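Visitor: Below is model30.txt; it holds compact mmCIF, C-alpha atoms.
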```
# COMPACT_ATOMS: atom_id res chain seq x y z
CA MET A 1 -11.84 65.13 3.44
CA ARG A 2 -8.64 63.43 4.52
CA GLY A 3 -9.60 60.42 2.45
CA VAL A 4 -10.05 62.52 -0.66
CA LEU A 5 -6.65 64.08 0.01
CA VAL A 6 -5.02 60.66 0.24
CA LEU A 7 -6.77 59.56 -2.92
CA GLY A 8 -5.74 62.70 -4.74
CA THR A 9 -2.14 62.28 -3.71
CA VAL A 10 -2.07 58.67 -4.75
CA VAL A 11 -3.73 59.38 -8.11
CA ALA A 12 -1.37 62.26 -8.71
CA ALA A 13 1.64 60.13 -7.83
CA CYS A 14 0.49 57.41 -10.18
CA LEU A 15 -0.19 59.78 -13.03
CA LEU A 16 3.16 61.40 -12.47
CA LEU A 17 4.86 58.04 -12.59
CA LEU A 18 3.04 57.11 -15.78
CA THR A 19 3.72 60.47 -17.39
CA VAL A 20 7.40 60.31 -16.53
CA GLN A 21 7.57 56.89 -18.13
CA THR A 22 5.80 58.01 -21.32
CA ARG A 23 8.27 60.87 -21.65
CA GLY A 24 11.06 58.32 -21.96
CA HIS A 25 12.23 58.38 -18.40
CA SER A 26 10.97 54.93 -17.65
CA THR A 27 14.35 53.47 -16.85
CA PRO A 28 15.38 55.95 -14.14
CA THR A 29 11.90 55.80 -12.56
CA ALA A 30 11.87 52.05 -12.53
CA GLU A 31 15.41 51.99 -11.27
CA ALA A 32 14.60 54.39 -8.47
CA LEU A 33 11.66 52.28 -7.38
CA ALA A 34 13.58 49.08 -7.92
CA PHE A 35 16.29 50.46 -5.63
CA VAL A 36 13.70 50.30 -2.86
CA THR A 37 11.78 47.24 -3.93
CA THR A 38 14.60 44.96 -5.14
CA PRO A 39 15.91 44.18 -1.63
CA ILE A 40 12.35 43.51 -0.57
CA GLN A 41 11.80 41.30 -3.59
CA SER A 42 15.08 39.49 -2.92
CA GLY A 43 14.02 38.94 0.65
CA LEU A 44 10.62 37.69 -0.44
CA ALA A 45 12.21 35.42 -3.02
CA ARG A 46 14.60 34.05 -0.40
CA VAL A 47 11.72 33.44 2.00
CA ASN A 48 9.81 31.86 -0.87
CA ARG A 49 12.73 29.61 -1.81
CA THR A 50 13.25 28.61 1.82
CA ALA A 51 9.56 27.89 2.25
CA VAL A 52 9.48 25.88 -0.97
CA THR A 53 12.63 23.98 0.06
CA ILE A 54 11.21 23.21 3.50
CA TRP A 55 7.94 22.17 1.95
CA SER A 56 9.54 19.97 -0.68
CA THR A 57 11.86 18.45 1.96
CA TYR A 58 8.82 17.71 4.07
CA LEU A 59 7.02 16.20 1.08
CA ASP A 60 10.09 14.12 0.18
CA TRP A 61 10.37 12.91 3.76
CA LYS A 62 6.68 12.08 3.81
CA ASN A 63 6.93 10.27 0.47
CA VAL A 64 10.02 8.36 1.56
CA ARG A 65 8.27 7.35 4.77
CA ALA A 66 5.17 6.25 2.88
CA GLU A 67 7.30 4.45 0.31
CA ASN A 68 9.30 2.79 3.07
CA ARG A 69 6.11 1.59 4.72
CA ARG A 70 4.76 0.36 1.39
CA LEU A 71 8.00 -1.46 0.61
CA ARG A 72 7.99 -3.10 4.03
CA GLU A 73 4.43 -4.28 3.43
CA ASP A 74 5.36 -5.49 -0.06
CA ASN A 75 8.36 -7.31 1.35
CA GLN A 76 6.24 -8.96 4.01
CA ARG A 77 3.60 -9.95 1.50
CA LEU A 78 6.15 -11.30 -0.98
CA ARG A 79 7.82 -13.35 1.72
CA VAL A 80 4.49 -14.86 2.68
CA GLU A 81 3.69 -15.46 -0.99
CA SER A 82 7.09 -17.04 -1.53
CA LEU A 83 6.52 -19.38 1.40
CA GLN A 84 3.07 -20.22 0.05
CA VAL A 85 4.49 -20.88 -3.40
CA SER A 86 7.21 -23.20 -2.10
CA GLU A 87 4.70 -24.95 0.14
CA THR A 88 2.35 -25.36 -2.82
CA GLU A 89 5.21 -26.64 -4.95
CA VAL A 90 6.12 -29.28 -2.37
CA GLU A 91 2.49 -30.28 -2.02
CA ASN A 92 2.19 -30.42 -5.79
CA GLN A 93 5.19 -32.76 -6.00
CA ARG A 94 3.74 -34.99 -3.29
CA LEU A 95 0.37 -35.16 -5.03
CA ARG A 96 2.00 -35.86 -8.40
CA ARG A 97 3.90 -38.79 -6.90
CA LEU A 98 0.73 -40.06 -5.29
CA LEU A 99 -1.16 -39.71 -8.57
CA ALA A 100 1.62 -41.51 -10.44
CA LEU A 101 1.44 -44.36 -7.94
CA GLN A 102 -2.34 -44.45 -8.24
CA GLU A 103 -1.98 -44.82 -12.02
CA ARG A 104 0.68 -47.51 -11.74
CA LEU A 105 -1.25 -49.65 -9.28
CA PRO A 106 -3.47 -52.39 -10.75
CA LEU A 107 -5.92 -51.83 -7.88
CA ALA A 108 -8.80 -49.53 -7.08
CA THR A 109 -7.61 -46.78 -4.77
CA VAL A 110 -9.01 -43.82 -2.92
CA SER A 111 -6.77 -40.90 -2.02
CA ALA A 112 -7.07 -39.42 1.43
CA GLU A 113 -5.61 -36.65 3.53
CA ILE A 114 -4.28 -37.16 6.99
CA ILE A 115 -6.27 -34.99 9.36
CA ALA A 116 -4.88 -36.14 12.72
CA ARG A 117 -2.01 -38.13 14.25
CA GLU A 118 -1.79 -40.07 17.47
CA TRP A 119 1.86 -40.50 18.43
CA GLY A 120 1.76 -41.26 22.16
CA GLY A 121 3.62 -44.59 22.20
CA TRP A 122 0.73 -46.68 23.43
CA VAL A 123 -0.95 -46.16 20.14
CA ARG A 124 0.51 -44.94 16.85
CA SER A 125 -2.22 -44.04 14.41
CA LEU A 126 -3.28 -41.60 11.73
CA THR A 127 -6.77 -40.32 11.01
CA VAL A 128 -7.68 -39.96 7.34
CA ASN A 129 -10.62 -38.05 5.87
CA ARG A 130 -12.25 -41.07 4.23
CA GLY A 131 -14.81 -43.19 6.01
CA ARG A 132 -17.85 -45.31 5.64
CA GLY A 133 -19.28 -43.00 2.99
CA ASP A 134 -16.25 -43.75 0.78
CA LYS A 135 -16.75 -47.49 1.20
CA VAL A 136 -13.67 -47.85 3.36
CA THR A 137 -13.66 -51.11 5.31
CA ARG A 138 -11.70 -52.36 8.28
CA LEU A 139 -8.19 -53.69 7.47
CA THR A 140 -7.96 -51.65 4.27
CA ALA A 141 -4.27 -51.19 3.45
CA VAL A 142 -2.99 -47.64 3.46
CA ILE A 143 0.05 -46.77 1.36
CA SER A 144 2.17 -43.85 0.21
CA PRO A 145 4.49 -43.67 -2.83
CA GLU A 146 7.31 -45.00 -0.64
CA GLY A 147 5.52 -48.02 0.78
CA LEU A 148 3.09 -49.36 3.35
CA ILE A 149 1.85 -47.11 6.15
CA GLY A 150 -0.54 -49.43 7.92
CA ARG A 151 -4.10 -50.69 7.96
CA VAL A 152 -7.46 -49.20 8.79
CA VAL A 153 -8.56 -50.42 12.22
CA GLU A 154 -11.65 -48.30 12.69
CA VAL A 155 -14.08 -46.85 10.16
CA ARG A 156 -16.30 -43.89 10.99
CA SER A 157 -18.80 -41.96 8.91
CA GLY A 158 -16.33 -39.41 7.50
CA ALA A 159 -12.97 -40.64 8.72
CA SER A 160 -10.94 -43.73 9.40
CA ILE A 161 -8.25 -44.60 11.92
CA VAL A 162 -5.11 -46.11 10.41
CA GLN A 163 -2.89 -48.26 12.62
CA VAL A 164 0.68 -47.39 11.65
CA LEU A 165 3.28 -50.16 11.20
CA THR A 166 5.21 -48.93 14.25
CA ASP A 167 2.16 -49.30 16.52
CA PRO A 168 2.98 -51.94 19.18
CA ALA A 169 -0.14 -53.90 18.17
CA SER A 170 0.62 -53.88 14.46
CA THR A 171 1.61 -57.08 12.65
CA VAL A 172 1.98 -57.60 8.91
CA GLY A 173 3.19 -60.60 6.97
CA ALA A 174 6.39 -59.76 5.05
CA HIS A 175 9.46 -61.24 3.38
CA VAL A 176 12.99 -60.16 2.54
CA VAL A 177 13.12 -59.53 -1.21
CA ARG A 178 16.66 -60.84 -1.75
CA THR A 179 16.47 -64.05 0.33
CA ARG A 180 12.71 -64.65 0.24
CA THR A 181 12.87 -65.15 4.03
CA SER A 182 9.36 -64.67 5.30
CA GLY A 183 8.29 -63.44 8.72
CA ILE A 184 6.10 -60.98 10.54
CA VAL A 185 6.76 -57.27 10.85
CA GLU A 186 5.82 -56.10 14.34
CA GLY A 187 5.64 -52.59 15.77
CA GLU A 188 7.52 -51.75 18.94
CA PRO A 189 6.63 -49.34 21.75
CA ARG A 190 9.73 -47.24 21.11
CA GLY A 191 8.46 -46.41 17.63
CA THR A 192 10.54 -48.85 15.60
CA MET A 193 9.63 -52.16 13.95
CA ARG A 194 11.21 -55.53 13.57
CA LEU A 195 10.95 -58.57 11.34
CA LYS A 196 10.39 -61.77 13.29
CA TYR A 197 11.52 -64.78 11.29
CA MET A 198 12.41 -68.41 11.86
CA ALA A 199 16.12 -68.87 12.55
CA ARG A 200 16.52 -71.69 10.06
CA GLU A 201 15.23 -69.51 7.20
CA GLY A 202 17.16 -66.31 7.85
CA GLY A 203 20.77 -67.25 7.34
CA GLY A 204 21.46 -64.89 4.46
CA ILE A 205 19.75 -61.65 5.65
CA GLN A 206 22.01 -58.61 5.47
CA VAL A 207 21.78 -55.03 6.62
CA GLY A 208 20.15 -52.95 3.89
CA ASP A 209 17.90 -55.72 2.58
CA LEU A 210 14.45 -54.56 1.52
CA VAL A 211 11.46 -56.10 3.27
CA VAL A 212 8.11 -56.10 1.47
CA THR A 213 4.66 -57.36 2.32
CA SER A 214 4.08 -61.03 1.63
CA GLY A 215 0.36 -60.83 0.99
CA ALA A 216 -0.30 -63.40 3.67
CA GLY A 217 -3.72 -62.93 5.22
CA GLY A 218 -5.10 -61.23 2.14
CA SER A 219 -5.74 -57.77 3.54
CA VAL A 220 -2.48 -56.27 2.26
CA PRO A 221 -1.31 -56.91 -1.33
CA ARG A 222 2.04 -58.58 -1.92
CA GLY A 223 5.13 -56.54 -2.77
CA ILE A 224 4.61 -53.24 -0.91
CA PRO A 225 7.86 -52.00 0.68
CA VAL A 226 7.81 -51.98 4.47
CA GLY A 227 11.36 -51.22 5.56
CA ARG A 228 15.05 -51.98 5.24
CA VAL A 229 17.10 -54.14 7.54
CA ARG A 230 19.07 -51.91 9.87
CA ALA A 231 20.43 -54.55 12.25
CA ILE A 232 20.14 -58.27 12.84
CA ASP A 233 19.34 -59.54 16.30
CA ASP A 234 20.76 -63.07 16.30
CA ARG A 235 19.30 -64.95 19.26
CA GLY A 236 21.60 -67.96 19.05
CA SER A 237 19.71 -71.21 19.32
CA ALA A 238 16.27 -69.56 19.75
CA LEU A 239 13.54 -70.54 17.35
CA PHE A 240 12.94 -66.98 16.10
CA HIS A 241 15.45 -64.30 15.19
CA TYR A 242 14.75 -60.64 14.62
CA ALA A 243 15.84 -58.00 12.15
CA VAL A 244 15.48 -54.37 13.17
CA LEU A 245 13.85 -52.43 10.32
CA ALA A 246 14.04 -48.81 9.28
CA PRO A 247 10.62 -47.87 7.83
CA VAL A 248 10.62 -46.80 4.18
CA VAL A 249 7.92 -44.27 5.00
CA ASP A 250 8.48 -41.29 7.30
CA PHE A 251 5.12 -41.61 9.10
CA ALA A 252 5.50 -38.24 10.79
CA ARG A 253 5.79 -36.36 7.52
CA VAL A 254 3.29 -38.07 5.28
CA ASP A 255 0.25 -35.91 4.44
CA GLU A 256 -1.57 -37.72 1.66
CA VAL A 257 -2.15 -41.45 1.33
CA LEU A 258 -3.88 -44.02 -0.85
CA LEU A 259 -6.38 -46.53 0.48
CA LEU A 260 -6.37 -49.81 -1.43
CA MET A 261 -9.96 -50.81 -2.12
CA GLY A 262 -11.48 -54.04 -3.35
CA GLU A 263 -9.41 -57.04 -4.46
CA THR A 264 -5.95 -56.99 -2.86
CA ARG A 265 -4.48 -60.36 -3.78
CA GLN A 266 -2.27 -59.09 -6.61
CA ASP A 267 1.47 -58.48 -6.46
CA VAL A 268 2.09 -54.76 -6.67
CA ALA A 269 5.87 -54.78 -6.29
CA ALA A 270 6.33 -53.28 -9.75
CA ALA A 271 4.57 -50.07 -8.67
CA PHE A 272 7.17 -49.28 -6.00
CA PRO A 273 10.85 -48.40 -6.15
CA THR A 274 13.03 -51.27 -4.99
CA ASP A 275 16.52 -49.85 -5.54
CA GLY A 276 18.84 -48.12 -3.01
CA MET B 1 -1.35 50.63 12.73
CA LYS B 2 1.71 51.22 10.59
CA ALA B 3 3.08 47.83 11.54
CA LEU B 4 -0.23 46.24 10.56
CA PHE B 5 -0.14 48.09 7.26
CA VAL B 6 3.39 46.98 6.45
CA LEU B 7 2.76 43.43 7.60
CA THR B 8 -0.47 43.06 5.68
CA VAL B 9 0.65 44.64 2.43
CA PHE B 10 4.06 43.04 2.36
CA GLY B 11 2.57 39.82 3.70
CA GLY B 12 0.10 39.93 0.82
CA GLY B 13 3.04 40.42 -1.53
CA LEU B 14 4.86 37.51 0.06
CA VAL B 15 1.84 35.27 -0.16
CA HIS B 16 1.34 36.36 -3.76
CA ALA B 17 4.95 35.54 -4.56
CA THR B 18 4.95 32.21 -2.77
CA LEU B 19 1.46 30.80 -2.80
CA ALA B 20 -0.12 32.20 -5.96
CA PRO B 21 1.88 29.96 -8.34
CA ALA B 22 1.05 26.99 -6.18
CA LEU B 23 -2.63 27.92 -6.08
CA ARG B 24 -2.85 28.07 -9.88
CA ILE B 25 -5.80 26.22 -11.38
CA ALA B 26 -5.74 25.71 -15.15
CA ASP B 27 -3.10 28.46 -15.38
CA VAL B 28 -5.29 30.94 -13.49
CA ALA B 29 -3.76 32.39 -10.35
CA PRO B 30 -5.62 34.55 -7.81
CA ASP B 31 -4.73 38.24 -7.34
CA ILE B 32 -3.92 37.93 -3.64
CA PRO B 33 -2.81 41.59 -3.15
CA LEU B 34 -6.21 42.70 -4.49
CA ILE B 35 -7.99 40.46 -1.99
CA VAL B 36 -5.78 41.83 0.81
CA VAL B 37 -6.55 45.41 -0.26
CA VAL B 38 -10.28 44.64 -0.27
CA LEU B 39 -10.13 43.12 3.20
CA LEU B 40 -8.09 46.04 4.53
CA ALA B 41 -10.39 48.60 2.98
CA LEU B 42 -13.47 46.92 4.43
CA ARG B 43 -11.96 46.85 7.90
CA ARG B 44 -9.96 50.09 7.98
CA GLY B 45 -11.77 52.48 5.71
CA PRO B 46 -10.99 54.40 2.50
CA GLU B 47 -7.67 56.07 3.44
CA PHE B 48 -6.10 52.85 4.61
CA GLY B 49 -7.55 50.94 1.66
CA CYS B 50 -6.28 53.55 -0.79
CA ALA B 51 -2.75 53.58 0.65
CA ALA B 52 -2.64 49.79 0.87
CA GLY B 53 -3.84 49.52 -2.74
CA PHE B 54 -1.22 51.98 -3.90
CA VAL B 55 1.68 50.18 -2.17
CA ALA B 56 0.50 46.69 -3.10
CA GLY B 57 -0.09 47.74 -6.73
CA LEU B 58 3.25 49.49 -6.91
CA LEU B 59 5.02 46.36 -5.69
CA GLN B 60 3.22 44.32 -8.31
CA ASP B 61 4.07 46.84 -11.03
CA VAL B 62 7.73 46.79 -10.15
CA ALA B 63 7.75 43.01 -9.87
CA ALA B 64 5.96 42.61 -13.21
CA GLY B 65 8.38 44.90 -15.07
CA GLY B 66 5.68 46.81 -17.01
CA LEU B 67 4.40 50.34 -16.67
CA ILE B 68 4.84 51.41 -13.07
CA GLY B 69 1.78 53.04 -11.60
CA VAL B 70 -0.99 51.21 -13.43
CA GLN B 71 -1.82 48.62 -10.82
CA ALA B 72 -0.89 51.11 -8.10
CA LEU B 73 -3.62 53.42 -9.38
CA THR B 74 -6.29 50.81 -10.02
CA LYS B 75 -5.78 49.07 -6.70
CA ALA B 76 -5.69 52.40 -4.86
CA LEU B 77 -9.04 53.27 -6.46
CA VAL B 78 -10.49 49.87 -5.52
CA GLY B 79 -9.25 50.28 -1.96
CA PHE B 80 -10.68 53.79 -1.67
CA ILE B 81 -14.07 53.04 -3.20
CA LEU B 82 -14.58 49.86 -1.24
CA GLY B 83 -13.41 51.51 1.96
CA ALA B 84 -15.89 54.30 1.45
CA ALA B 85 -18.79 52.01 0.50
CA GLY B 86 -17.95 49.22 2.92
CA GLY B 87 -20.05 50.58 5.74
CA ARG B 88 -23.16 50.37 3.62
CA LEU B 89 -22.51 46.81 2.34
CA ARG B 90 -23.46 43.65 4.20
CA VAL B 91 -20.08 42.09 3.53
CA THR B 92 -20.49 39.33 6.09
CA GLN B 93 -22.82 37.49 3.72
CA PRO B 94 -21.11 35.02 1.36
CA LEU B 95 -23.77 35.88 -1.21
CA VAL B 96 -22.34 39.40 -1.21
CA GLN B 97 -18.68 38.47 -0.84
CA VAL B 98 -18.27 36.19 -3.82
CA PRO B 99 -20.05 38.27 -6.46
CA GLY B 100 -18.66 41.43 -4.85
CA LEU B 101 -15.09 40.30 -5.28
CA VAL B 102 -15.82 39.04 -8.78
CA LEU B 103 -17.24 42.42 -9.76
CA LEU B 104 -14.35 44.27 -8.11
CA THR B 105 -11.79 42.17 -9.94
CA VAL B 106 -13.58 42.73 -13.22
CA ALA B 107 -13.81 46.48 -12.49
CA GLU B 108 -10.13 46.59 -11.64
CA GLY B 109 -9.34 44.71 -14.84
CA VAL B 110 -11.44 47.07 -16.95
CA ALA B 111 -9.83 50.07 -15.27
CA ARG B 112 -6.37 48.65 -15.85
CA PHE B 113 -7.19 47.93 -19.50
CA THR B 114 -8.58 51.44 -20.01
CA LEU B 115 -5.49 52.97 -18.45
CA LEU B 116 -3.19 50.79 -20.53
CA GLN B 117 -5.08 51.73 -23.68
CA LEU B 118 -3.70 55.21 -23.21
CA PHE B 119 -0.27 53.65 -23.63
CA ARG B 120 -1.31 51.56 -26.66
CA PHE B 121 -1.64 48.24 -24.91
CA PRO B 122 -1.97 45.70 -27.76
CA ALA B 123 -4.11 42.88 -26.29
CA PRO B 124 -7.77 42.71 -27.46
CA PHE B 125 -10.32 43.44 -24.73
CA GLY B 126 -12.53 40.38 -25.36
CA GLU B 127 -9.72 37.86 -25.10
CA LEU B 128 -8.26 39.60 -22.09
CA MET B 129 -11.59 39.47 -20.31
CA ALA B 130 -12.40 35.89 -21.32
CA PHE B 131 -9.05 34.30 -20.55
CA VAL B 132 -7.52 36.48 -17.84
CA VAL B 133 -9.86 38.80 -16.00
CA LEU B 134 -13.02 36.69 -15.64
CA PRO B 135 -11.34 33.42 -14.55
CA GLN B 136 -9.21 35.38 -12.08
CA ALA B 137 -12.31 37.25 -10.87
CA LEU B 138 -14.10 34.00 -10.13
CA TYR B 139 -11.07 32.62 -8.35
CA ASN B 140 -10.70 35.81 -6.31
CA GLY B 141 -14.39 35.67 -5.40
CA PHE B 142 -14.20 32.24 -3.82
CA LEU B 143 -10.77 32.66 -2.26
CA GLY B 144 -11.70 36.08 -0.84
CA ALA B 145 -14.94 34.73 0.61
CA ALA B 146 -12.98 31.93 2.27
CA LEU B 147 -10.57 34.47 3.74
CA VAL B 148 -13.44 36.66 4.99
CA PHE B 149 -14.95 33.60 6.63
CA ALA B 150 -11.61 32.67 8.20
CA LEU B 151 -11.15 36.20 9.56
CA ALA B 152 -14.68 36.27 10.99
CA TRP B 153 -14.04 32.93 12.67
CA THR B 154 -10.76 34.24 14.11
CA ASP B 155 -12.63 37.25 15.53
CA VAL B 156 -15.17 34.97 17.18
CA VAL B 157 -12.41 32.88 18.71
CA LYS B 158 -10.64 36.01 19.95
CA GLU B 159 -13.82 37.35 21.52
CA ARG B 160 -14.48 34.09 23.27
CA ALA B 161 -10.93 34.00 24.58
CA SER B 162 -11.20 37.51 25.99
```
As structure tokens, please, write out the structure in this file.

Guide:
Amino acid sequence: MRGVLVLGTVVAACLLLLTVQTRGHSTPTAEALAFVTTPIQSGLARVNRTAVTIWSTYLDWKNVRAENRRLREDNQRLRVESLQVSETEVENQRLRRLLALQERLPLATVSAEIIAREWGGWVRSLTVNRGRGDKVTRLTAVISPEGLIGRVVEVRSGASIVQVLTDPASTVGAHVVRTRTSGIVEGEPRGTMRLKYMAREGGGIQVGDLVVTSGAGGSVPRGIPVGRVRAIDDRGSALFHYAVLAPVVDFARVDEVLLLMGETRQDVAAAFPTDG
Amino acid sequence: MKALFVLTVFGGGLVHATLAPALRIADVAPDIPLIVVVLLALRRGPEFGCAAGFVAGLLQDVAAGGLIGVQALTKALVGFILGAAGGRLRVTQPLVQVPGLVLLTVAEGVARFTLLQLFRFPAPFGELMAFVVLPQALYNGFLGAALVFALAWTDVVKERAS
């Protein structure tokens, strides 16, 4: 009964409102109701605006955070990529120089990568990834675009050990380009090398003179740069004098090399730079 | 009781004002006050449902700027009828909730259209039903069912806590 009463009141109120509006009194009715509802609506709108602002601020913050994280990752990735690109570029240059040398040389060559280094002082050697399967033989000369690195002293199935010129046991026949003074380039335990020559032949040697292989012995072709005279060790009346040499090749930094195969009796001086 | 009434009805209005535009799908927004009225009527009976429908509808009428009293009347009727019939309906079943709310929304739409016809409302019935009432009815059905489910879950949690 009470429910019907409520319903009746509500229906009556609504019909009254509608009737009043159809009689042309819509504005005062609406205004009267708006007087009550407008503050509520304003409040709701304010709450709505605040909620939307908080929400959009939160979304912005979240987006900025995500963007920040993404940018950090991008930055990291690009830095790595940049390093890779510059590394590749350097490697590319090295390989191009090696290829150019390979094309200039009138000899059969095999390119190889250095896969290990022994730098203890007792022994100074490099391991390259070419071995018996590539027809590498003992005493094969190993060069880089700058000059001679050494000779193969041990051949294995997939690798070879290269004795570097600075190895204390290394000896190579060589001569000074300018004076034609011939001698033997020997490695020293401290990691340097020297040219041992007969005193009567070495009168005109000067600091800066280029020393190249002489081809004596046949295992290393003639004309490959070995080093430059850094100092002359004049031993007075001794039979042999020495010239301290600075290697033309930085053995610690070389990564790719060429192995000279087959006939090695030719002069290859023209394939290497001899200036400066 | 009064506090609950005010909170729910005005809360429904607030949610309608704030969330309904955000919840719009393909330009169809749910009638949140209608869903609130339905829920109140089912829980509190016909008087409460009728009063809640009247106040919620009146707020919508004033906010919309049209004829004041149309939605107040239709929503009051929905609240009363559902409050009276609620005891006999198995409203805990989603299979009842979704079509129930769809039908209620359609009924409210038809009632509103009929009432507005008395005041020479110009929109054609078919278009109004196809593009406004039916899409909104479907939306209300699913949203209302989700709310009923959420309320039932809250009750279970409350019972367990006590």

Visitor: Given all atoms listed in the file, how would the per-residue table for chain A near chain B read, listing every residue at most 7 Å away with its closest atom pair and distance in Å to one decimal, sorted by chain and number, as a tab-separated table?

Guide:
```
residue	atom	partner	partner_atom	distance
A:Gly3	CA	B:Glu47	CA	4.9
A:Val6	CA	B:Glu47	CA	6.2
A:Leu7	CA	B:Cys50	CA	6.4
A:Val10	CA	B:Phe54	CA	6.8
A:Val11	CA	B:Leu73	CA	6.1
A:Cys14	CA	B:Gly69	CA	4.8
A:Leu17	CA	B:Gly69	CA	6.0
A:Leu18	CA	B:Gly69	CA	6.0
A:Ala34	CA	B:Val62	CA	6.7
A:Leu44	CA	B:Leu14	CA	5.8
A:Asn48	CA	B:Thr18	CA	5.2
```

Visitor: Give me, as a list in words, all polymer residues having an atom no more than 6 Å from range 129-144 of chain B, counting only C-alpha atoms and skipping those fewer than 6 positions away in the same chain.

Guide: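 Close residues of range 129-144 of chain B: Pro30, Ile35, Val98, Leu101, Val102 and Thr105 of chain B.
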
Visitor: Only C-alpha atoms, please: the residues just picked out, written as a JSON list (two decimals), in the frame of the given file.

Guide:
```json
[["chain", "number", "residue", "atom", "x", "y", "z"],
["B", 30, "PRO", "CA", -5.62, 34.55, -7.81],
["B", 35, "ILE", "CA", -7.99, 40.46, -1.99],
["B", 98, "VAL", "CA", -18.27, 36.19, -3.82],
["B", 101, "LEU", "CA", -15.09, 40.30, -5.28],
["B", 102, "VAL", "CA", -15.82, 39.04, -8.78],
["B", 105, "THR", "CA", -11.79, 42.17, -9.94]]
```

Visitor: Find the residue from B:Trp153, B:Arg88, B:Leu34, B:Ser162 that sits nearest to Leu104 in chain B; use all atoms listed in the file when measuring.

Guide: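 Looking only at the distances to Leu104 in chain B, the closest residue turns out to be B:Leu34.
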
Visitor: What does the structure give for the distance between CA of Ala29 in chain B and CA of Trp55 in chain A, in Å to one decimal?

Guide: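 Separation between CA of Ala29 in chain B and CA of Trp55 in chain A: 19.8 Å.
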
Visitor: Excluding Ala199 in chain A and its own-chain neighbours fewer than 2 positions away, which residues fall within 12 Å of it when counting only C-alpha atoms? Please give them as a list of chain:residue names.

Guide: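 Non-adjacent residues within range: A:Thr181, A:Ser182, A:Gly183, A:Leu195, A:Lys196, A:Tyr197, A:Glu201, A:Gly202, A:Gly203, A:Gly204, A:Ile205, A:Ile232, A:Asp233, A:Asp234, A:Arg235, A:Gly236, A:Ser237, A:Ala238, A:Leu239, A:Phe240, A:His241, A:Tyr242, A:Ala243.
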
Visitor: Nearest to Leu39 in chain B among B:Ile25, B:Ala146, B:Arg120, B:Ala111, with distances taken over all atoms listed in the file: which residue is it?

Guide: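 Under the stated criterion, the closest residue is B:Ala146.
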
Visitor: Between B:Pro33, B:Gly86, B:Arg43, B:Val28, which has the minimum distance to Leu151 in chain B (counting only C-alpha atoms)?

Guide: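 Of B:Pro33, B:Gly86, B:Arg43, B:Val28, the one nearest Leu151 in chain B, counting only C-alpha atoms, is B:Arg43.
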
Visitor: Write out as a PyMOL selection string each polymer residue whose atoms come within 8 Å of Gln163 in chain A, counting all atoms listed in the file; drop sequence neighbours fewer than 2 positions from it.

Guide: chain A and resi 124-126+150-153+161+165+167+170

Visitor: Please measure the separation of CA of Val123 in chain A and CA of Ala159 in chain A, giving the value in Å to one decimal.

Guide: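 Those two atoms sit 17.5 Å apart.
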
Visitor: What's the separation between CA of Ile184 in chain A and CA of Thr109 in chain A, in Å to one decimal place?

Guide: 25.0 Å

Visitor: Which residue is closest to Ser214 in chain A? Choose from A:Val52, A:Val164, A:Gln266, A:Ala100 and count only C-alpha atoms.

Guide: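 Closest residue, counting only C-alpha atoms: A:Gln266.
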
Visitor: So, counting only C-alpha atoms, which residue among A:Leu245, A:Arg178, A:Phe251, A:Pro221 is closest to Pro106 in chain A?

Guide: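 With only C-alpha atoms as the atom set, the closest residue is A:Pro221.
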